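Trainee: Sharing structure24.cif here; it has mmCIF, C-alpha atoms.
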```cif
data_work
#
loop_
_atom_site.label_atom_id
_atom_site.label_comp_id
_atom_site.auth_asym_id
_atom_site.auth_seq_id
_atom_site.Cartn_x
_atom_site.Cartn_y
_atom_site.Cartn_z
CA MET A 1 -17.90 34.72 -4.18
CA HIS A 2 -15.37 35.24 -6.98
CA LEU A 3 -16.67 32.15 -8.76
CA LYS A 4 -20.29 33.30 -8.39
CA VAL A 5 -19.54 36.71 -9.94
CA GLU A 6 -17.34 35.28 -12.71
CA THR A 7 -20.05 32.75 -13.61
CA TYR A 8 -22.60 35.60 -13.76
CA ILE A 9 -20.29 37.68 -15.96
CA GLN A 10 -19.82 34.79 -18.39
CA LYS A 11 -23.51 33.85 -18.41
CA HIS A 12 -24.54 37.38 -19.46
CA GLN A 13 -21.40 38.08 -21.52
CA LEU A 14 -20.67 41.25 -19.57
CA LEU A 15 -16.87 41.41 -19.82
CA ILE A 16 -13.93 39.90 -21.67
CA PRO A 17 -10.26 39.64 -20.59
CA ASP A 18 -7.45 41.87 -21.90
CA LYS A 19 -9.50 45.01 -22.51
CA PRO A 20 -9.95 47.89 -20.02
CA VAL A 21 -13.11 48.10 -17.96
CA ILE A 22 -13.98 51.39 -16.26
CA VAL A 23 -15.21 50.82 -12.71
CA GLY A 24 -17.43 53.47 -11.15
CA VAL A 25 -16.13 53.85 -7.58
CA SER A 26 -17.84 56.11 -5.05
CA GLY A 27 -15.92 54.72 -2.09
CA GLY A 28 -18.95 53.08 -0.53
CA THR A 29 -19.33 49.38 0.32
CA ASP A 30 -20.77 48.24 -3.01
CA SER A 31 -18.28 49.94 -5.33
CA VAL A 32 -15.27 49.00 -3.17
CA VAL A 33 -16.32 45.33 -3.28
CA LEU A 34 -16.97 45.54 -7.05
CA LEU A 35 -13.49 46.92 -7.68
CA HIS A 36 -11.84 44.33 -5.41
CA ILE A 37 -13.63 41.39 -7.05
CA LEU A 38 -12.96 42.52 -10.63
CA LYS A 39 -9.29 43.20 -9.81
CA SER A 40 -9.00 39.80 -8.10
CA LEU A 41 -10.50 38.13 -11.19
CA GLY A 42 -7.76 39.69 -13.31
CA TYR A 43 -9.75 42.33 -15.23
CA ASP A 44 -7.90 45.43 -16.44
CA CYS A 45 -9.61 47.99 -14.20
CA VAL A 46 -9.64 51.78 -14.51
CA ILE A 47 -11.21 53.74 -11.62
CA ALA A 48 -13.70 56.55 -12.32
CA HIS A 49 -15.05 58.81 -9.56
CA CYS A 50 -17.52 61.71 -9.70
CA ASN A 51 -17.45 64.51 -7.13
CA PHE A 52 -20.96 65.96 -7.24
CA HIS A 53 -20.24 68.51 -4.46
CA LEU A 54 -23.56 67.83 -2.76
CA ARG A 55 -22.35 66.88 0.74
CA MET A 56 -19.84 69.61 1.57
CA GLU A 57 -16.70 68.14 3.16
CA GLU A 58 -17.98 64.58 2.67
CA SER A 59 -17.73 64.91 -1.11
CA ASP A 60 -14.08 65.93 -0.91
CA ARG A 61 -13.42 63.18 1.65
CA ASP A 62 -14.84 60.61 -0.80
CA GLU A 63 -12.63 61.92 -3.61
CA LEU A 64 -9.50 61.69 -1.45
CA PHE A 65 -10.40 58.15 -0.39
CA VAL A 66 -10.78 57.02 -4.03
CA ARG A 67 -7.48 58.66 -5.00
CA ASN A 68 -5.69 56.79 -2.21
CA LEU A 69 -7.45 53.53 -3.12
CA ALA A 70 -6.27 53.87 -6.74
CA LEU A 71 -2.69 54.48 -5.55
CA GLU A 72 -2.88 51.49 -3.19
CA TYR A 73 -4.11 49.19 -5.98
CA LYS A 74 -1.71 50.80 -8.49
CA LEU A 75 -4.59 51.42 -10.90
CA PRO A 76 -5.16 54.36 -13.28
CA TYR A 77 -7.95 56.65 -12.16
CA TYR A 78 -10.03 59.58 -13.41
CA ILE A 79 -11.90 62.06 -11.23
CA ILE A 80 -14.29 64.81 -12.30
CA ASP A 81 -16.06 67.67 -10.48
CA PHE A 82 -19.69 68.59 -11.19
CA ASP A 83 -21.87 71.53 -10.16
CA THR A 84 -24.83 69.21 -9.80
CA SER A 85 -27.22 71.71 -8.21
CA LYS A 86 -26.69 74.17 -11.06
CA HIS A 87 -27.30 71.44 -13.67
CA ALA A 88 -30.51 70.38 -11.92
CA SER A 89 -31.75 73.98 -11.76
CA GLU A 90 -30.92 74.77 -15.39
CA HIS A 91 -32.61 71.61 -16.69
CA LYS A 92 -35.49 71.68 -14.18
CA ILE A 93 -34.82 68.14 -12.99
CA SER A 94 -34.23 66.53 -9.60
CA ILE A 95 -30.78 66.38 -8.00
CA GLU A 96 -30.87 62.57 -8.38
CA MET A 97 -31.60 62.82 -12.10
CA ALA A 98 -28.99 65.54 -12.60
CA ALA A 99 -26.30 63.43 -10.94
CA ARG A 100 -27.28 60.43 -13.02
CA ASP A 101 -27.20 62.38 -16.31
CA LEU A 102 -23.83 63.96 -15.54
CA ARG A 103 -22.29 60.69 -14.39
CA TYR A 104 -23.31 58.60 -17.40
CA ALA A 105 -22.47 61.30 -19.94
CA TRP A 106 -18.94 61.46 -18.51
CA PHE A 107 -18.70 57.66 -18.36
CA ASN A 108 -19.48 57.57 -22.07
CA GLU A 109 -16.73 60.11 -22.81
CA LEU A 110 -14.25 58.02 -20.82
CA LEU A 111 -15.34 54.86 -22.61
CA ILE A 112 -14.45 56.38 -25.98
CA LYS A 113 -11.28 58.08 -24.75
CA LEU A 114 -9.85 54.88 -23.21
CA ASN A 115 -11.27 52.47 -25.80
CA ALA A 116 -12.71 50.55 -22.85
CA GLN A 117 -15.09 47.62 -23.22
CA ALA A 118 -17.64 48.73 -20.62
CA ILE A 119 -18.46 50.73 -17.51
CA ALA A 120 -18.98 48.47 -14.48
CA VAL A 121 -21.30 49.80 -11.76
CA ALA A 122 -22.12 48.23 -8.41
CA HIS A 123 -25.87 47.59 -8.48
CA HIS A 124 -26.74 44.38 -6.65
CA ALA A 125 -29.76 42.13 -6.10
CA ASP A 126 -31.31 44.32 -3.38
CA ASP A 127 -31.13 47.34 -5.70
CA SER A 128 -33.05 45.35 -8.30
CA ILE A 129 -35.70 44.40 -5.72
CA GLU A 130 -36.07 48.05 -4.68
CA THR A 131 -36.44 49.03 -8.35
CA LEU A 132 -39.20 46.44 -8.79
CA LEU A 133 -41.14 47.88 -5.84
CA MET A 134 -40.62 51.47 -7.02
CA ASN A 135 -41.86 50.59 -10.51
CA LEU A 136 -44.95 48.89 -9.08
CA VAL A 137 -45.79 51.96 -6.99
CA ARG A 138 -45.24 54.41 -9.88
CA GLY A 139 -47.04 52.18 -12.39
CA THR A 140 -45.22 50.08 -14.92
CA GLY A 141 -45.47 47.89 -17.97
CA PHE A 142 -44.28 44.30 -17.95
CA LYS A 143 -40.66 45.36 -18.48
CA GLY A 144 -40.68 47.27 -15.20
CA LEU A 145 -41.25 43.99 -13.35
CA THR A 146 -37.86 42.66 -14.42
CA GLY A 147 -35.88 45.08 -12.24
CA ILE A 148 -32.37 46.18 -13.19
CA GLN A 149 -30.81 44.46 -16.19
CA PRO A 150 -27.25 43.00 -16.20
CA ARG A 151 -26.38 45.15 -19.22
CA ASN A 152 -27.68 48.40 -20.64
CA GLN A 153 -25.58 49.13 -23.73
CA TYR A 154 -22.10 49.89 -22.36
CA ILE A 155 -23.15 49.78 -18.66
CA VAL A 156 -22.63 46.38 -16.98
CA ARG A 157 -23.61 45.24 -13.50
CA PRO A 158 -21.54 42.22 -12.41
CA LEU A 159 -22.85 42.23 -8.81
CA LEU A 160 -26.55 41.74 -9.58
CA CYS A 161 -26.09 38.11 -8.53
CA LEU A 162 -25.14 39.17 -4.98
CA THR A 163 -27.34 40.41 -2.14
CA ARG A 164 -26.44 43.35 0.07
CA LEU A 165 -25.72 40.90 2.91
CA GLU A 166 -23.28 38.92 0.75
CA ILE A 167 -21.49 42.14 -0.26
CA GLU A 168 -21.20 43.32 3.35
CA THR A 169 -19.92 39.89 4.41
CA TYR A 170 -17.28 39.98 1.64
CA LEU A 171 -16.19 43.45 2.78
CA ILE A 172 -15.65 42.27 6.36
CA ARG A 173 -13.92 39.00 5.46
CA ASN A 174 -11.46 40.79 3.18
CA ASP A 175 -10.95 43.66 5.65
CA LEU A 176 -11.69 46.28 2.98
CA GLU A 177 -11.75 49.95 3.95
CA HIS A 178 -14.70 51.97 2.73
CA ILE A 179 -16.60 55.16 3.53
CA GLU A 180 -20.22 55.72 4.52
CA ASP A 181 -22.45 58.13 2.61
CA SER A 182 -24.57 60.04 5.14
CA THR A 183 -27.37 60.46 2.57
CA ASN A 184 -28.01 56.69 2.63
CA ALA A 185 -30.03 57.26 5.79
CA SER A 186 -31.90 60.30 4.42
CA MET A 187 -35.59 59.86 3.71
CA GLU A 188 -35.48 62.69 1.15
CA TYR A 189 -34.57 60.15 -1.50
CA GLN A 190 -37.32 57.81 -2.70
CA ARG A 191 -35.09 54.75 -2.94
CA ASN A 192 -34.02 55.17 0.69
CA LYS A 193 -37.65 55.07 1.79
CA PHE A 194 -38.06 51.70 0.11
CA ARG A 195 -34.72 50.46 1.45
CA ASN A 196 -35.00 51.68 5.03
CA GLU A 197 -38.74 51.68 5.70
CA ILE A 198 -40.86 49.70 3.23
CA LEU A 199 -38.71 46.58 2.84
CA PRO A 200 -38.26 46.17 6.63
CA LEU A 201 -42.05 46.40 6.99
CA LEU A 202 -42.51 43.71 4.34
CA GLU A 203 -39.99 41.53 6.19
CA GLU A 204 -42.26 41.68 9.23
CA ILE A 205 -44.94 40.02 7.11
CA ASN A 206 -42.56 37.63 5.34
CA PRO A 207 -39.01 37.34 6.76
CA SER A 208 -37.90 35.85 3.41
CA VAL A 209 -39.44 38.61 1.30
CA ARG A 210 -36.12 39.64 -0.28
CA GLN A 211 -35.45 36.13 -1.58
CA THR A 212 -39.10 35.81 -2.63
CA LEU A 213 -38.91 39.04 -4.65
CA TYR A 214 -35.54 38.08 -6.13
CA ASP A 215 -36.98 34.73 -7.26
CA SER A 216 -39.96 36.60 -8.72
CA LEU A 217 -37.60 38.85 -10.69
CA ASN A 218 -36.02 35.80 -12.30
CA ARG A 219 -39.43 34.40 -13.22
CA PHE A 220 -40.58 37.76 -14.56
CA GLU A 221 -37.45 37.91 -16.74
CA GLY A 222 -38.35 34.58 -18.35
CA SER A 223 -41.96 35.63 -18.75
CA MET A 224 -40.82 38.90 -20.31
CA GLN A 225 -38.94 37.03 -23.02
CA ILE A 226 -42.07 35.05 -23.93
CA TYR A 227 -44.19 38.20 -23.74
CA GLN A 228 -41.79 40.13 -25.99
CA GLN A 229 -41.88 37.39 -28.61
CA ALA A 230 -45.68 37.63 -28.68
CA ILE A 231 -45.59 41.45 -28.95
CA ASP A 232 -43.06 41.27 -31.80
CA ARG A 233 -45.29 38.80 -33.66
CA ILE A 234 -48.34 41.04 -33.25
CA ARG A 235 -46.34 44.10 -34.29
CA ASN A 236 -45.31 42.33 -37.49
CA GLU A 237 -48.97 41.53 -38.18
CA VAL A 238 -50.56 44.91 -37.56
CA VAL A 239 -47.84 47.46 -38.36
CA THR A 240 -46.61 48.62 -41.77
CA PHE A 241 -44.14 51.38 -42.58
CA GLU A 242 -44.85 53.46 -45.67
CA LEU A 243 -43.55 56.80 -46.92
CA GLY A 244 -41.98 57.70 -43.61
CA ILE A 245 -45.04 56.95 -41.50
CA LEU A 246 -46.21 54.08 -39.33
CA LYS A 247 -49.60 52.48 -40.00
CA LEU A 248 -51.42 50.32 -37.44
CA ASN A 249 -54.26 48.25 -38.90
CA ILE A 250 -57.28 48.96 -36.68
CA GLU A 251 -59.24 45.78 -37.54
CA LEU A 252 -56.23 43.56 -36.81
CA ILE A 253 -55.68 45.33 -33.49
CA LYS A 254 -59.33 44.77 -32.54
CA ASN A 255 -58.83 41.03 -33.09
CA GLN A 256 -56.16 40.82 -30.36
CA VAL A 257 -56.76 39.29 -26.95
CA HIS A 258 -56.06 42.31 -24.71
CA ILE A 259 -56.25 45.48 -26.76
CA PRO A 260 -55.12 48.01 -24.08
CA THR A 261 -51.90 46.06 -23.52
CA ILE A 262 -51.21 45.78 -27.25
CA MET A 263 -51.86 49.48 -27.74
CA PHE A 264 -49.48 50.38 -24.91
CA GLU A 265 -46.67 48.25 -26.33
CA LEU A 266 -47.15 49.57 -29.87
CA LEU A 267 -47.43 53.27 -29.03
CA HIS A 268 -45.36 53.80 -25.88
CA PRO A 269 -42.05 53.68 -27.84
CA TYR A 270 -43.23 56.81 -29.70
CA GLY A 271 -43.64 58.85 -26.53
CA PHE A 272 -47.39 58.46 -25.99
CA ASN A 273 -48.14 58.16 -22.27
CA SER A 274 -50.67 55.83 -20.67
CA SER A 275 -53.52 58.34 -20.49
CA VAL A 276 -53.18 59.35 -24.16
CA ILE A 277 -52.93 55.70 -25.24
CA GLU A 278 -56.13 55.01 -23.30
CA GLN A 279 -57.86 57.85 -25.17
CA ILE A 280 -56.62 56.50 -28.52
CA THR A 281 -57.87 53.00 -27.64
CA GLU A 282 -61.33 54.42 -26.89
CA GLN A 283 -61.37 55.97 -30.39
CA LEU A 284 -60.78 52.70 -32.30
CA ASN A 285 -64.49 52.44 -33.17
CA ALA A 286 -65.03 56.20 -33.54
CA GLU A 287 -65.10 58.32 -36.68
CA SER A 288 -61.82 59.21 -38.33
CA GLY A 289 -60.02 62.54 -38.08
CA LYS A 290 -58.99 62.88 -34.43
CA ILE A 291 -55.31 63.64 -33.82
CA PHE A 292 -53.25 62.85 -30.71
CA TYR A 293 -49.78 64.06 -29.79
CA SER A 294 -46.72 62.99 -27.84
CA ASP A 295 -43.64 65.20 -27.45
CA THR A 296 -42.10 63.71 -30.59
CA HIS A 297 -44.91 62.13 -32.64
CA GLN A 298 -48.48 62.66 -33.79
CA LEU A 299 -51.17 60.05 -34.40
CA LEU A 300 -54.15 60.32 -36.72
CA LYS A 301 -57.21 58.08 -36.30
CA ASP A 302 -57.98 57.35 -39.96
CA ARG A 303 -60.62 55.05 -41.44
CA LYS A 304 -58.63 51.82 -41.45
CA TYR A 305 -55.41 52.81 -39.74
CA LEU A 306 -53.87 54.60 -36.82
CA ILE A 307 -51.21 56.65 -38.60
CA VAL A 308 -48.15 57.69 -36.60
CA SER A 309 -45.57 60.16 -37.88
CA LYS A 310 -42.73 62.11 -36.36
CA ILE A 311 -43.49 65.76 -35.74
CA ASP A 312 -41.76 67.40 -38.68
CA GLU A 313 -39.16 70.00 -37.79
CA ASN A 314 -38.27 70.46 -41.50
CA ALA A 315 -41.73 71.35 -42.79
CA ASP A 316 -40.58 74.60 -44.37
CA THR A 317 -37.08 73.46 -45.32
CA GLU A 318 -36.02 73.00 -48.93
CA PHE A 319 -33.05 70.96 -50.17
CA GLU A 320 -31.15 71.58 -53.38
CA ILE A 321 -29.75 68.75 -55.52
CA GLN A 322 -26.83 69.73 -57.74
CA GLU A 323 -26.19 68.14 -61.14
CA SER A 324 -22.93 66.62 -59.91
CA GLU A 325 -24.51 64.80 -56.94
CA THR A 326 -24.90 61.02 -57.10
CA SER A 327 -26.71 60.58 -53.78
CA ILE A 328 -28.33 62.43 -50.89
CA THR A 329 -28.71 61.34 -47.28
CA PHE A 330 -31.12 63.99 -46.00
CA PRO A 331 -34.08 64.38 -45.69
CA PHE A 332 -33.97 60.74 -46.84
CA LYS A 333 -31.46 58.49 -48.62
CA MET A 334 -31.65 58.53 -52.42
CA LYS A 335 -29.23 57.47 -55.15
CA ILE A 336 -29.01 59.41 -58.40
CA SER A 337 -27.47 57.85 -61.51
CA LYS A 338 -27.19 58.99 -65.10
CA MET A 339 -27.40 56.47 -67.95
CA ASN A 340 -27.74 56.36 -71.71
CA VAL A 341 -30.81 54.85 -73.33
CA THR A 342 -30.00 51.57 -75.12
CA SER A 343 -32.15 48.88 -76.70
CA ALA A 344 -32.01 46.95 -73.42
CA PHE A 345 -33.27 49.87 -71.32
CA LYS A 346 -36.60 49.40 -69.53
CA VAL A 347 -38.52 52.09 -67.66
CA SER A 348 -38.94 51.26 -63.97
CA LYS A 349 -42.40 50.44 -62.66
CA ASP A 350 -41.20 50.60 -59.04
CA LYS A 351 -42.62 53.65 -57.24
CA ASN A 352 -39.36 54.00 -55.29
CA ARG A 353 -37.18 53.91 -58.43
CA VAL A 354 -38.06 56.25 -61.28
CA HIS A 355 -36.54 57.26 -64.62
CA ILE A 356 -36.67 60.86 -65.82
CA ASP A 357 -35.64 62.37 -69.17
CA ALA A 358 -32.41 64.17 -68.20
CA SER A 359 -32.70 66.73 -71.00
CA LYS A 360 -35.92 68.11 -69.52
CA LEU A 361 -34.41 68.89 -66.09
CA THR A 362 -33.03 72.25 -64.97
CA PHE A 363 -30.52 72.16 -62.10
CA PRO A 364 -30.37 72.60 -59.23
CA LEU A 365 -33.36 70.40 -58.53
CA LEU A 366 -35.31 71.10 -55.35
CA LEU A 367 -36.85 68.83 -52.71
CA ARG A 368 -39.66 70.50 -50.79
CA ARG A 369 -42.95 69.78 -49.07
CA TRP A 370 -46.31 70.02 -50.83
CA HIS A 371 -47.97 73.46 -50.85
CA GLU A 372 -51.65 74.30 -51.32
CA GLY A 373 -52.19 75.17 -54.99
CA ASP A 374 -49.43 72.90 -56.36
CA THR A 375 -50.31 71.28 -59.69
CA PHE A 376 -48.73 68.63 -61.91
CA TYR A 377 -49.47 66.35 -64.86
CA PRO A 378 -49.80 62.82 -63.41
CA PHE A 379 -47.89 60.22 -65.44
CA GLY A 380 -50.03 58.95 -68.34
CA MET A 381 -52.29 62.02 -68.29
CA THR A 382 -52.27 65.14 -70.47
CA LYS A 383 -54.42 67.26 -68.17
CA GLN A 384 -53.17 69.26 -65.23
CA LYS A 385 -54.27 68.16 -61.75
CA LYS A 386 -54.03 69.75 -58.34
CA VAL A 387 -51.75 67.78 -56.03
CA SER A 388 -54.41 68.14 -53.31
CA ASN A 389 -56.97 66.43 -55.58
CA TYR A 390 -54.47 63.69 -56.40
CA PHE A 391 -54.13 63.06 -52.65
CA ILE A 392 -57.91 62.92 -52.23
CA ASP A 393 -58.39 60.56 -55.22
CA ASN A 394 -55.73 58.23 -53.87
CA LYS A 395 -57.08 58.36 -50.29
CA ILE A 396 -53.84 59.86 -48.97
CA SER A 397 -54.26 60.71 -45.27
CA ILE A 398 -53.54 64.07 -43.63
CA PHE A 399 -50.26 62.77 -42.24
CA GLU A 400 -49.19 61.26 -45.56
CA LYS A 401 -49.82 64.62 -47.22
CA LYS A 402 -47.67 66.39 -44.64
CA GLN A 403 -44.91 63.80 -45.06
CA SER A 404 -44.89 63.92 -48.88
CA TRP A 405 -41.85 65.35 -50.65
CA LEU A 406 -41.89 66.91 -54.10
CA LEU A 407 -38.92 66.81 -56.48
CA THR A 408 -39.10 69.93 -58.62
CA SER A 409 -37.24 71.38 -61.61
CA GLY A 410 -37.67 75.13 -61.86
CA ASN A 411 -41.33 75.70 -61.03
CA ASP A 412 -42.44 72.27 -62.25
CA ILE A 413 -43.08 69.17 -60.18
CA VAL A 414 -41.05 66.23 -61.48
CA TRP A 415 -42.09 63.60 -58.95
CA ILE A 416 -44.30 63.25 -55.90
CA VAL A 417 -41.58 61.21 -54.27
CA GLY A 418 -42.47 57.57 -53.79
CA GLN A 419 -45.83 58.03 -55.52
CA ARG A 420 -46.24 59.48 -59.05
CA THR A 421 -44.03 61.17 -61.65
CA ASP A 422 -45.05 64.07 -63.87
CA ASN A 423 -45.95 63.13 -67.44
CA ARG A 424 -43.92 66.02 -68.88
CA PHE A 425 -40.67 64.36 -67.74
CA ARG A 426 -41.46 60.86 -69.01
CA ILE A 427 -39.12 58.81 -71.20
CA THR A 428 -40.00 59.08 -74.90
CA ASP A 429 -38.59 57.78 -78.21
CA LYS A 430 -36.46 60.92 -78.37
CA THR A 431 -34.88 60.43 -74.93
CA THR A 432 -31.16 59.70 -75.11
CA GLU A 433 -30.11 60.24 -71.51
CA VAL A 434 -31.92 59.22 -68.32
CA LEU A 435 -31.60 60.16 -64.66
CA GLU A 436 -32.53 57.35 -62.29
CA PHE A 437 -33.68 58.26 -58.76
CA THR A 438 -33.76 55.39 -56.25
CA ILE A 439 -35.11 55.82 -52.73
CA GLU A 440 -33.28 53.79 -50.07
CA ASN A 441 -35.40 54.85 -47.12
CA LEU A 442 -38.33 57.23 -46.89
#
```
The structure in this file should be written as C-alpha cells.
Mentor:
Amino acid sequence: MHLKVETYIQKHQLLIPDKPVIVGVSGGTDSVVLLHILKSLGYDCVIAHCNFHLRMEESDRDELFVRNLALEYKLPYYIIDFDTSKHASEHKISIEMAARDLRYAWFNELLIKLNAQAIAVAHHADDSIETLLMNLVRGTGFKGLTGIQPRNQYIVRPLLCLTRLEIETYLIRNDLEHIEDSTNASMEYQRNKFRNEILPLLEEINPSVRQTLYDSLNRFEGSMQIYQQAIDRIRNEVVTFELGILKLNIELIKNQVHIPTIMFELLHPYGFNSSVIEQITEQLNAESGKIFYSDTHQLLKDRKYLIVSKIDENADTEFEIQESETSITFPFKMKISKMNVTSAFKVSKDKNRVHIDASKLTFPLLLRRWHEGDTFYPFGMTKQKKVSNYFIDNKISIFEKKQSWLLTSGNDIVWIVGQRTDNRFRITDKTTEVLEFTIENL
C-alpha cells in the first residue's frame, strides 16, 4: 500500500521530501490512514483539525482524539473552532458549503504561516466515483466527468489511487484507532445518498460497478486532455483580445463542428450559465444589438463579433497622473517617459505607444471614461469632432465605447487611449521635449 501511494504521489508530483505538508485530519478512517501512510513514507507532517461545532459533544470528542493522536505521533498540530451555522446563515449558503469555505480558507492561512508545500486531504477513489455520479445528475461539462483531481493548486489528494475497501483494510491490518462520524449515515447530505443508497443499487445491477466507474474516470481523464487541446486550438482561432474586451468571431464559430459545446467552453469561464449560453447561441444569426449578462461580465451580439467585457465598477472613477510619475498600474499598466527630441527621434506609429509634445501638457493629467458631448481634434485633422461620431465612423461597438479611456490635460482630450491622439498635442518642428506613453496591457 505504501508503494502504491508513493508511486501515485511521484506520478502526479504531489509532494517532495524535506518540506512540511499539512495533513487535514478529522479523526475518521480516511484521514487517519492518510496521516499514517504519509508519516510512514517519511514526509514532514503537520496535523490540522477543524472543529465545526455541528455535532454537539461529537465535535469536541473528535478534537480531543486528534490532539491525542498528534501527541502519540509526536507531530505538531493546529486546531481551530468555527461557528459554521452562523457563517452559513450570514452568507446564505448550505452548511456543507460553509464548512468547506471555512476549512480551505484556514488551510491557506496555515500554508503561508508554516511555509508548507501543500495541504493533503483524504479523498479516495470512491469519493471520485461519487463526484462523477453527482455531476452527472446535476448536469456537467466534460470536465465534470473526470471526478476529483489529484491536485487543485495547493490541495493534494495522495489517496485517490485507493478504494474505500483498501483504506479500511489498511486500518484494520495496522490496528489504527479512529472515530466514526454519525453524519456519515445521515441522508440529509447529498453525497451520503449516493454513497449509501444509489451506489449499492447500481451494484445490484453490476457488482463491479465501482471498478467500472473508476476505469471510466481514467479514460475520461485522457479524453479530457485531448478535448482540452481541441478547445484551446479553437479558442486561439476565434477569440481576440482588444482594448480590454474579448471578441469572438461569429463566422468562425459557425464553422465549428458542435457549436453549443464550443459556446459553452468559450463563455462559461466568464460566468455565463448554460441557459444564457443557449440563448446567445440562438442569436448567432440574429440582428446585432442584444446584450446578455452574467454576474461579472456582459456580452454584446454585434455584427461580426460576440463582444465580452467585464462589468465596469470604475465607470465614474477618474485617475490623476502627476508630472513626476513614470508609470501607472491602474486602471491599466502604462509607462511614461520623458525624452529630448534629437535628429534620430521618430514619432511612433504604434497605437499603444504615442508621443506627445510635453510643453503643451498641463499636470496633473487625468484618465477618465468617455462622456456624451466630448470633442477632440483627431490627429491629422484641423476640425473638431465629437468623440461619439469618431466611434461611429470607426465602427466602435457599444462595449468598446464603454471601455474606452481618455487621457486629458485640463479640459482637452490628449488621447483616446489605444486609438487616436489629438492633433493639438502632436510633435512639431518646434517640439524640444516629448512625453512617451506606452500601454502594457489594456
Trainee: Please evaluate the PyMOL selection byres ((chain A and resi 305) around 7) against the displayed coordinates and give the resulting residues as an MDAnalysis selection string.
Mentor: chainID A and resid 247:250 301:304 306:307
Trainee: If you keep C-alpha atoms, can you produce a file of those selected residues as a PDB file, in the coordinates of the input?
Mentor:
```pdb
ATOM      1  CA  LYS A 247     -49.600  52.480 -40.000  1.00  0.00           C
ATOM      2  CA  LEU A 248     -51.420  50.320 -37.440  1.00  0.00           C
ATOM      3  CA  ASN A 249     -54.260  48.250 -38.900  1.00  0.00           C
ATOM      4  CA  ILE A 250     -57.280  48.960 -36.680  1.00  0.00           C
ATOM      5  CA  LYS A 301     -57.210  58.080 -36.300  1.00  0.00           C
ATOM      6  CA  ASP A 302     -57.980  57.350 -39.960  1.00  0.00           C
ATOM      7  CA  ARG A 303     -60.620  55.050 -41.440  1.00  0.00           C
ATOM      8  CA  LYS A 304     -58.630  51.820 -41.450  1.00  0.00           C
ATOM      9  CA  LEU A 306     -53.870  54.600 -36.820  1.00  0.00           C
ATOM     10  CA  ILE A 307     -51.210  56.650 -38.600  1.00  0.00           C
TER      11      ILE A 307
END
```
Trainee: By how many Å are CA of Leu159 in chain A and CA of Leu145 in chain A apart?
Mentor: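 Interatomic distance, CA of Leu159 in chain A to CA of Leu145 in chain A: 19.0 Å.
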Trainee: Nearest to Asp81 in chain A: which of A:Asp374, A:Glu63, A:Glu400, A:Asp422 is it, counting all atoms listed in the file?
Mentor: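 When distances to Asp81 in chain A are compared using all atoms listed in the file, the smallest one comes from A:Glu63.
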Trainee: For Leu64 in chain A, which residue out of A:Ile328, A:Ile413, A:Ile79, A:Leu366 is the nearest one, using all atoms listed in the file?
Mentor: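 Counting all atoms listed in the file, the residue closest to Leu64 in chain A is A:Ile79.
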Trainee: Can you tell me how far CA of His178 in chain A sits from CA of Arg61 in chain A, in Å to one decimal?
Mentor: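 Straight-line distance from CA of His178 in chain A to CA of Arg61 in chain A works out to 11.3 Å.
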Trainee: List, as a list in words, every residue that the PyMOL selection byres ((chain A and resi 50) around 10) selects in the file provided.
Mentor: Gly24, Val25, Ser26, Ala48, His49, Asn51, Phe52, His53, Ser59, Asp62, Glu63, Val66, Tyr78, Ile79, Ile80, Asp81, Phe82, Ala99, Leu102, Arg103, Trp106 and Phe107 of chain A
Trainee: My list of candidates is A:Met339, A:Val434, A:Ile9, A:Val209. Which is closest to Leu361 in chain A when distances are computed with all atoms listed in the file?
Mentor: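 Answer, going by the shortest atom-to-atom distance: A:Val434.
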Trainee: I'd like the residues picked by the PyMOL selection byres ((chain A and resi 151) around 10) written out as a ChimeraX atom specification, using the chain letters and numbers from the file.
Mentor: /A:12-14,118-120,148-150,152-158
Trainee: Restricting the calculation to all atoms listed in the file, which member of A:Glu204, A:Tyr227, A:Glu440, A:Glu278 is positioned closest to Ile336 in chain A?
Mentor: A:Glu440
